[in-house]
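Peer 1: Sending over coords02.csv (CSV, C-alpha atoms).
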```csv
chain,number,residue,atom,x,y,z
A,212,MET,CA,51.5,97.6,87.2
A,213,GLU,CA,54.5,97.0,84.9
A,214,ALA,CA,54.1,97.8,81.2
A,215,THR,CA,53.7,94.8,78.9
A,216,GLN,CA,56.9,95.8,77.1
A,217,ASP,CA,58.9,95.8,80.4
A,218,LEU,CA,57.6,92.3,81.2
A,219,ASN,CA,58.6,91.0,77.7
A,220,GLU,CA,62.0,92.6,77.9
A,221,ARG,CA,62.6,91.1,81.4
A,222,ARG,CA,61.7,87.6,80.3
A,223,LEU,CA,63.9,87.8,77.2
A,224,ALA,CA,66.8,89.0,79.4
A,225,ASP,CA,66.2,86.1,81.8
A,226,ALA,CA,66.3,83.7,78.9
A,227,TRP,CA,69.6,85.1,77.7
A,228,ALA,CA,71.1,85.2,81.2
A,229,GLU,CA,70.3,81.5,81.5
A,230,LEU,CA,72.1,80.8,78.3
A,231,GLN,CA,75.1,82.9,79.4
A,232,SER,CA,75.4,81.1,82.6
A,233,HIS,CA,76.1,77.9,80.7
A,234,SER,CA,79.1,79.5,79.1
A,235,ASN,CA,80.4,81.2,82.3
A,236,GLU,CA,80.2,77.9,84.2
A,237,GLY,CA,81.8,75.9,81.5
A,238,ARG,CA,78.7,73.7,81.0
A,239,PRO,CA,78.3,72.5,77.4
A,240,LEU,CA,75.1,73.3,75.6
A,241,LYS,CA,73.2,70.2,74.7
A,242,ALA,CA,70.6,69.9,72.0
A,243,ASP,CA,67.3,70.9,73.6
A,244,ALA,CA,64.1,71.2,71.7
A,245,TYR,CA,62.6,73.1,74.6
A,246,ARG,CA,65.2,75.9,74.4
A,247,LEU,CA,63.9,79.2,73.1
A,248,ALA,CA,64.7,79.5,69.4
A,249,PHE,CA,66.5,82.9,69.7
A,250,ALA,CA,68.6,81.6,72.5
A,251,ASP,CA,69.7,78.5,70.7
A,252,PRO,CA,73.1,79.1,69.0
A,253,GLU,CA,73.1,75.7,67.2
A,254,PHE,CA,69.7,76.5,65.6
A,255,LEU,CA,70.7,80.1,64.7
A,256,LEU,CA,73.9,78.9,63.0
A,257,ARG,CA,72.2,76.3,60.7
A,258,ARG,CA,72.3,76.9,57.0
A,259,GLU,CA,68.5,77.2,56.9
A,260,THR,CA,68.6,80.2,59.2
A,261,ARG,CA,71.1,82.2,57.2
A,262,GLY,CA,68.3,84.6,56.1
A,263,ILE,CA,67.6,85.4,59.8
A,264,ARG,CA,71.2,86.1,60.3
A,265,PHE,CA,71.1,88.5,57.4
A,266,GLN,CA,68.2,90.3,58.9
A,267,LEU,CA,70.0,90.6,62.3
A,268,GLU,CA,73.2,92.0,60.7
A,269,MET,CA,71.0,94.6,58.9
A,270,LEU,CA,68.9,95.5,61.9
A,271,LYS,CA,71.4,95.7,64.8
A,272,PRO,CA,73.7,98.4,63.4
A,273,ASP,CA,70.8,100.2,61.9
A,274,LEU,CA,68.9,100.6,65.2
A,275,ALA,CA,72.0,101.5,67.1
A,276,GLN,CA,72.9,104.3,64.7
A,277,ARG,CA,69.4,105.5,64.6
A,278,ASP,CA,69.2,105.7,68.4
A,279,LEU,CA,72.4,107.9,68.4
A,280,GLY,CA,71.3,110.2,65.6
A,281,ILE,CA,73.7,108.9,63.0
A,282,GLU,CA,71.9,109.6,59.8
A,283,ASN,CA,74.6,111.0,57.5
A,284,THR,CA,78.2,109.6,57.2
A,285,ILE,CA,81.4,110.3,55.3
A,286,VAL,CA,82.9,106.9,54.5
A,287,VAL,CA,86.6,106.7,54.5
A,288,PHE,CA,88.4,103.7,52.9
A,289,GLY,CA,92.1,102.9,52.8
A,290,SER,CA,94.8,100.5,53.6
A,291,ALA,CA,95.0,98.7,57.0
A,292,ARG,CA,98.8,98.6,56.6
A,293,VAL,CA,99.5,102.3,56.7
A,294,ARG,CA,101.1,103.4,60.0
A,295,GLU,CA,101.6,106.8,61.6
A,296,PRO,CA,105.0,108.5,60.8
A,297,GLU,CA,106.7,107.8,64.1
A,298,ILE,CA,105.8,104.1,64.0
A,299,ALA,CA,106.7,103.8,60.4
A,300,GLN,CA,110.1,105.4,61.0
A,301,ALA,CA,110.8,103.0,64.0
A,302,LEU,CA,109.9,100.0,61.8
A,303,LEU,CA,112.3,101.2,59.2
A,304,LEU,CA,115.1,101.4,61.7
A,305,ASP,CA,114.4,97.9,62.9
A,306,ALA,CA,114.4,96.6,59.3
A,307,GLU,CA,117.7,98.3,58.5
A,308,SER,CA,119.3,96.8,61.5
A,309,SER,CA,118.0,93.3,60.4
A,310,GLY,CA,119.9,93.5,57.1
A,311,ASP,CA,116.9,92.0,55.3
A,312,PRO,CA,116.6,93.8,51.9
A,313,GLN,CA,112.9,92.8,51.5
A,314,ALA,CA,112.1,94.0,55.0
A,315,VAL,CA,113.9,97.3,54.3
A,316,ALA,CA,112.0,97.8,51.0
A,317,ARG,CA,108.6,97.2,52.8
A,318,ALA,CA,109.5,99.5,55.6
A,319,ARG,CA,110.6,102.3,53.2
A,320,ALA,CA,107.2,102.0,51.4
A,321,MET,CA,105.5,102.3,54.8
A,322,VAL,CA,107.5,105.5,55.6
A,323,ARG,CA,106.5,106.9,52.2
A,324,ASN,CA,102.8,106.2,52.8
A,325,ALA,CA,102.8,107.3,56.4
A,326,ARG,CA,101.8,110.8,55.3
A,327,HIS,CA,98.4,109.4,54.3
A,328,TYR,CA,97.8,108.5,58.0
A,329,GLU,CA,98.2,112.1,59.0
A,330,GLN,CA,96.1,113.3,56.1
A,331,ALA,CA,93.2,110.9,57.0
A,332,ARG,CA,93.4,111.9,60.6
A,333,GLU,CA,93.2,115.6,59.7
A,334,PHE,CA,90.3,114.9,57.4
A,335,GLY,CA,88.5,113.3,60.3
A,336,ARG,CA,89.1,116.3,62.4
A,337,ILE,CA,87.8,118.7,59.7
A,338,VAL,CA,84.5,116.8,59.3
A,339,ALA,CA,84.0,116.6,63.1
A,340,ARG,CA,84.7,120.3,63.6
A,341,TYR,CA,82.2,121.2,61.0
A,342,SER,CA,79.5,118.9,62.3
A,343,ALA,CA,80.0,120.1,65.8
A,344,ARG,CA,78.6,123.5,64.7
A,345,CYS,CA,75.7,122.1,62.8
A,346,PRO,CA,72.1,121.3,63.9
A,347,THR,CA,71.7,117.6,64.8
A,348,GLU,CA,69.9,116.7,61.6
A,349,ASP,CA,72.7,118.1,59.4
A,350,GLN,CA,75.6,116.6,61.2
A,351,LEU,CA,78.0,114.3,59.3
A,352,PHE,CA,79.9,111.5,61.0
A,353,ILE,CA,83.1,109.6,60.0
A,354,CYS,CA,82.5,106.0,59.2
A,355,THR,CA,85.2,103.5,58.4
A,356,GLY,CA,85.8,99.7,58.2
A,357,GLY,CA,86.9,100.0,61.9
A,358,GLY,CA,90.3,98.5,61.4
A,359,PRO,CA,93.9,99.8,61.7
A,360,GLY,CA,95.8,102.0,59.2
A,361,ILE,CA,93.8,104.7,57.3
A,362,MET,CA,90.6,103.5,59.0
A,363,GLU,CA,92.1,104.1,62.4
A,364,ALA,CA,93.5,107.5,61.3
A,365,ALA,CA,90.1,108.8,60.2
A,366,ASN,CA,88.3,107.5,63.3
A,367,ARG,CA,91.1,109.0,65.4
A,368,GLY,CA,90.7,112.4,63.8
A,369,ALA,CA,87.0,112.4,64.8
A,370,HIS,CA,87.9,111.1,68.2
A,371,ASP,CA,90.4,114.0,68.6
A,372,GLU,CA,87.4,116.4,68.4
A,373,GLY,CA,85.3,114.4,70.8
A,374,ALA,CA,82.9,113.3,68.0
A,375,LEU,CA,81.0,110.1,67.6
A,376,ASN,CA,82.3,108.0,64.8
A,377,VAL,CA,81.4,104.6,63.3
A,378,GLY,CA,83.4,101.4,62.7
A,379,LEU,CA,82.0,98.6,60.6
A,380,ASN,CA,84.5,95.8,61.3
A,381,ILE,CA,84.3,92.3,59.9
A,382,ALA,CA,85.3,88.9,61.2
A,383,LEU,CA,88.3,87.6,59.2
A,384,PRO,CA,90.5,84.5,59.4
A,385,HIS,CA,93.3,86.6,60.8
A,386,GLU,CA,90.9,88.4,63.1
A,387,GLN,CA,91.0,92.1,62.4
A,388,ALA,CA,90.3,93.9,65.7
A,389,GLY,CA,88.5,97.2,66.0
A,390,ASN,CA,90.7,100.2,66.4
A,391,PRO,CA,90.5,102.0,69.8
A,392,TYR,CA,89.2,105.3,68.3
A,393,VAL,CA,85.8,104.1,67.2
A,394,SER,CA,83.0,105.2,69.5
A,395,PRO,CA,82.4,101.9,71.5
A,396,GLU,CA,78.6,102.2,71.1
A,397,LEU,CA,79.2,102.4,67.3
A,398,SER,CA,81.8,99.7,66.9
A,399,PHE,CA,80.1,96.9,65.0
A,400,LYS,CA,81.3,93.5,63.8
A,401,PHE,CA,79.9,91.7,60.7
A,402,HIS,CA,80.2,88.2,59.4
A,403,TYR,CA,78.7,89.0,55.9
A,404,PHE,CA,80.6,91.3,53.6
A,405,ALA,CA,77.3,92.0,51.7
A,406,LEU,CA,75.5,93.4,54.8
A,407,ARG,CA,78.6,95.4,55.8
A,408,LYS,CA,78.7,97.0,52.3
A,409,MET,CA,75.0,97.9,52.5
A,410,HIS,CA,75.6,99.7,55.8
A,411,PHE,CA,78.5,101.6,54.3
A,412,MET,CA,76.1,102.9,51.6
A,413,MET,CA,72.9,103.4,53.6
A,414,ARG,CA,74.0,106.6,55.3
A,415,ALA,CA,76.9,107.6,53.1
A,416,LYS,CA,76.9,111.2,51.8
A,417,ALA,CA,80.5,110.9,50.4
A,418,LEU,CA,83.2,108.3,49.9
A,419,VAL,CA,86.9,109.2,50.4
A,420,ALA,CA,89.2,106.5,49.2
A,421,PHE,CA,92.9,106.7,50.3
A,422,PRO,CA,95.5,104.3,48.8
A,423,GLY,CA,94.7,100.7,49.8
A,424,GLY,CA,94.6,97.1,48.7
A,425,PHE,CA,92.0,94.8,47.3
A,426,GLY,CA,89.4,95.7,49.9
A,427,THR,CA,89.7,99.4,49.1
A,428,LEU,CA,89.5,98.8,45.4
A,429,ASP,CA,86.5,96.5,45.9
A,430,GLU,CA,84.5,99.1,47.9
A,431,LEU,CA,85.5,101.9,45.6
A,432,PHE,CA,84.4,100.3,42.3
A,433,GLU,CA,81.2,99.0,43.9
A,434,VAL,CA,80.2,102.5,44.8
A,435,ILE,CA,81.3,103.9,41.4
A,436,THR,CA,79.2,101.1,39.7
A,437,LEU,CA,76.1,101.8,41.9
A,438,VAL,CA,76.3,105.5,41.1
A,439,GLN,CA,77.0,105.0,37.4
A,440,CYS,CA,74.1,102.6,37.1
A,441,LYS,CA,71.9,104.9,39.1
A,442,LYS,CA,71.2,102.3,41.7
A,443,ALA,CA,72.5,104.8,44.3
A,444,LYS,CA,72.1,108.5,44.5
A,445,PRO,CA,75.2,110.5,43.2
A,446,VAL,CA,77.6,111.2,46.0
A,447,PRO,CA,81.1,112.8,46.0
A,448,ILE,CA,83.7,110.1,45.4
A,449,VAL,CA,87.1,111.4,46.3
A,450,LEU,CA,90.3,109.6,45.4
A,451,PHE,CA,92.9,110.8,47.9
A,452,GLY,CA,96.5,110.8,46.5
A,453,SER,CA,96.2,111.7,42.8
A,454,GLU,CA,99.7,110.4,41.9
A,455,HIS,CA,99.0,107.0,43.5
A,456,TRP,CA,95.6,106.5,41.8
A,457,LYS,CA,96.7,107.7,38.4
A,458,ARG,CA,99.7,105.4,38.5
A,459,LEU,CA,97.7,102.5,39.7
A,460,ILE,CA,94.7,102.7,37.3
A,461,ASN,CA,94.6,104.3,33.8
A,462,LEU,CA,90.9,104.8,33.6
A,463,ASP,CA,91.3,106.7,30.3
A,464,VAL,CA,91.9,103.4,28.6
A,465,LEU,CA,88.3,102.4,29.4
A,466,VAL,CA,87.1,105.6,27.6
A,467,GLU,CA,89.5,104.9,24.6
A,468,GLU,CA,88.2,101.4,24.3
A,469,GLY,CA,84.6,102.4,24.6
A,470,MET,CA,84.0,100.5,27.8
A,471,ILE,CA,82.7,103.6,29.7
A,472,ALA,CA,81.5,107.0,28.6
A,473,PRO,CA,83.8,110.0,28.9
A,474,GLU,CA,81.4,111.6,31.4
A,475,ASP,CA,81.9,108.5,33.7
A,476,LEU,CA,85.3,109.9,34.6
A,477,GLU,CA,83.5,112.8,36.3
A,478,LEU,CA,82.0,110.4,38.9
A,479,PHE,CA,85.2,110.8,41.0
A,480,HIS,CA,87.6,113.5,41.9
A,481,TYR,CA,91.3,113.5,42.7
A,482,VAL,CA,92.6,115.4,45.7
A,483,ASP,CA,95.9,115.6,47.7
A,484,ASP,CA,94.9,117.7,50.7
A,485,PRO,CA,92.4,117.1,53.5
A,486,GLN,CA,90.9,120.6,53.3
A,487,VAL,CA,90.5,120.3,49.5
A,488,ALA,CA,88.7,117.0,49.9
A,489,TRP,CA,86.3,118.6,52.4
A,490,ASP,CA,85.8,121.7,50.2
A,491,TYR,CA,84.8,119.5,47.3
A,492,ILE,CA,82.2,117.7,49.4
A,493,MET,CA,80.9,121.1,50.6
A,494,LYS,CA,80.6,122.4,47.1
A,495,PHE,CA,78.9,119.2,45.9
A,496,TYR,CA,76.1,119.7,48.4
A,497,ASP,CA,76.3,123.5,48.6
A,498,LEU,CA,76.8,123.3,52.4
A,499,PRO,CA,76.9,126.5,54.3
A,500,SER,CA,80.0,127.6,56.2
A,501,VAL,CA,79.2,127.5,59.9
```
Here is a file; write its structure as structure tokens.

Peer 2:
Amino acid sequence: MEATQDLNERRLADAWAELQSHSNEGRPLKADAYRLAFADPEFLLRRETRGIRFQLEMLKPDLAQRDLGIENTIVVFGSARVREPEIAQALLLDAESSGDPQAVARARAMVRNARHYEQAREFGRIVARYSARCPTEDQLFICTGGGPGIMEAANRGAHDEGALNVGLNIALPHEQAGNPYVSPELSFKFHYFALRKMHFMMRAKALVAFPGGFGTLDELFEVITLVQCKKAKPVPIVLFGSEHWKRLINLDVLVEEGMIAPEDLELFHYVDDPQVAWDYIMKFYDLPSV
């Protein structure tokens, strides 16, 4: 006799297959009170069911990561606009041939920042190589926002080593697609920024922030605030590219003006080399060499 759970799963699958057939055959879905609630897109997208959608965005990535043993992550943030050196150089040549001064200036900046792509990729490799030699419960996995640029580079480094890695993408008006180096079974897409941020922090054992835009700054300062206010456990917060970060933000001003305590500047650490970043994380946790 089939187990009750098997019967339930089969019936749920049948209900979903019926719904999918409407889409495949081009048949519009009509309002139907008899349709099962979980298979009713119009119902699930109502304003009143937003709380249910929150729960689903929390639960789906959590269960998938748990099933694959993803318990500890190193979260890497950074610009989606950074390109690997070869591509950046090719874009510069195209810009120079166009004669557009603004395009040339943007392309030159892209070439300057291309080194961060290689550094993020190497950092991903370092983490993956270390974890490959660890017991399952001690393994660390690269986790990014799943997009291009720095995110792609870190995922790519882990992928180079054959390691599982996580991408927490989000639906945006300009539709950011997941990069091809995220493990397919760990490539998630979110609607709500808040739930995505929670997933970044739920398993994070360190944050490595490369140069980036508003999104990188948003995530960085949220993590610093959570740690400062003791709403999250202390984790290594690594700012990669010391010259960039010190030129961008003069945090000493906050100390001088009494807005933060001097010891708050110890919540983060500047680095310029992938191995140094990893060494800092290892020292923070007193991880053994394996």

Peer 1: Between CA of His480 in chain A and CA of Ala299 in chain A, what distance in Å does the model show, to one decimal?

Peer 2: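 Here the two named atoms are 28.3 Å from each other.
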
Peer 1: For a quick check of understanding, using all atoms listed in the file, which of A:Pro422, A:Gly378, A:Pro395, A:Pro296 has the smallest distance to Glu329 in chain A?

Peer 2: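 Closest to Glu329 in chain A of all the choices is A:Pro296.
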
Peer 1: One number please: CA of His327 in chain A to CA of Asp490 in chain A, in Å, one decimal.

Peer 2: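 Separation of CA of His327 in chain A and CA of Asp490 in chain A: 18.1 Å.
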
Peer 1: Give me the residues near range 399-414 of chain A as a PyMOL selection string, where near means some atom within 10 Å (using all atoms listed in the file) and where sequence neighbours in that chain fewer than 5 positions away do not count.

Peer 2: chain A and resi 264-273+275-276+281-287+351-352+354-357+377-383+387-389+393-394+430+433-434+437+443-444

Peer 1: Which value, in Å to one decimal, gives the distance between CA of Asn324 in chain A and CA of Gln486 in chain A?

Peer 2: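 Going from CA of Asn324 in chain A over to CA of Gln486 in chain A, I get 18.7 Å.
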
Peer 1: Rank nothing, just name the residue among A:Cys440, A:Ile298, A:Ile361, A:Val446 nearest to Glu333 in chain A, using all atoms listed in the file.

Peer 2: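 Nearest to Glu333 in chain A: A:Ile361.
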
Peer 1: Between A:Pro391, A:Gln330, A:Glu396, A:Glu363, which has the minimum distance to Leu279 in chain A (counting all atoms listed in the file)?

Peer 2: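 Checking each candidate against Leu279 in chain A, we get A:Glu396 as the closest.
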
Peer 1: Could you pull the residues within 8 Å of Ala318 in chain A, counting only C-alpha atoms, minus those fewer than 4 positions along the same chain, as a list in words?

Peer 2: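 In the requested form, the answer reads Ala299, Leu302, Leu303, Ala306, Ala314 and Val322 of chain A.
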
Peer 1: Show me the residues around (86.4, 111.9, 52.5) - criterion: an atom at most 9 Å away, only C-alpha atoms counted - as a list in words.

Peer 2: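 Returned residue set, sorted by chain then number, is Ile285, Val286, Val287, Phe288, Ala331, Phe334, Gly335, Val338, Ile353, Ala417, Leu418, Val419, Ala420, Phe421, Pro447, Ile448, Val449, Leu450, Phe451, Pro485, Ala488, Trp489 and Ile492 of chain A.
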
Peer 1: Would you please work out which residue, of A:Leu304, A:Gly469, A:Ala291, A:Asp497, is nearest to Asn390 in chain A when using only C-alpha atoms?

Peer 2: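 Using only C-alpha atoms, Asn390 in chain A sits closest to A:Ala291.
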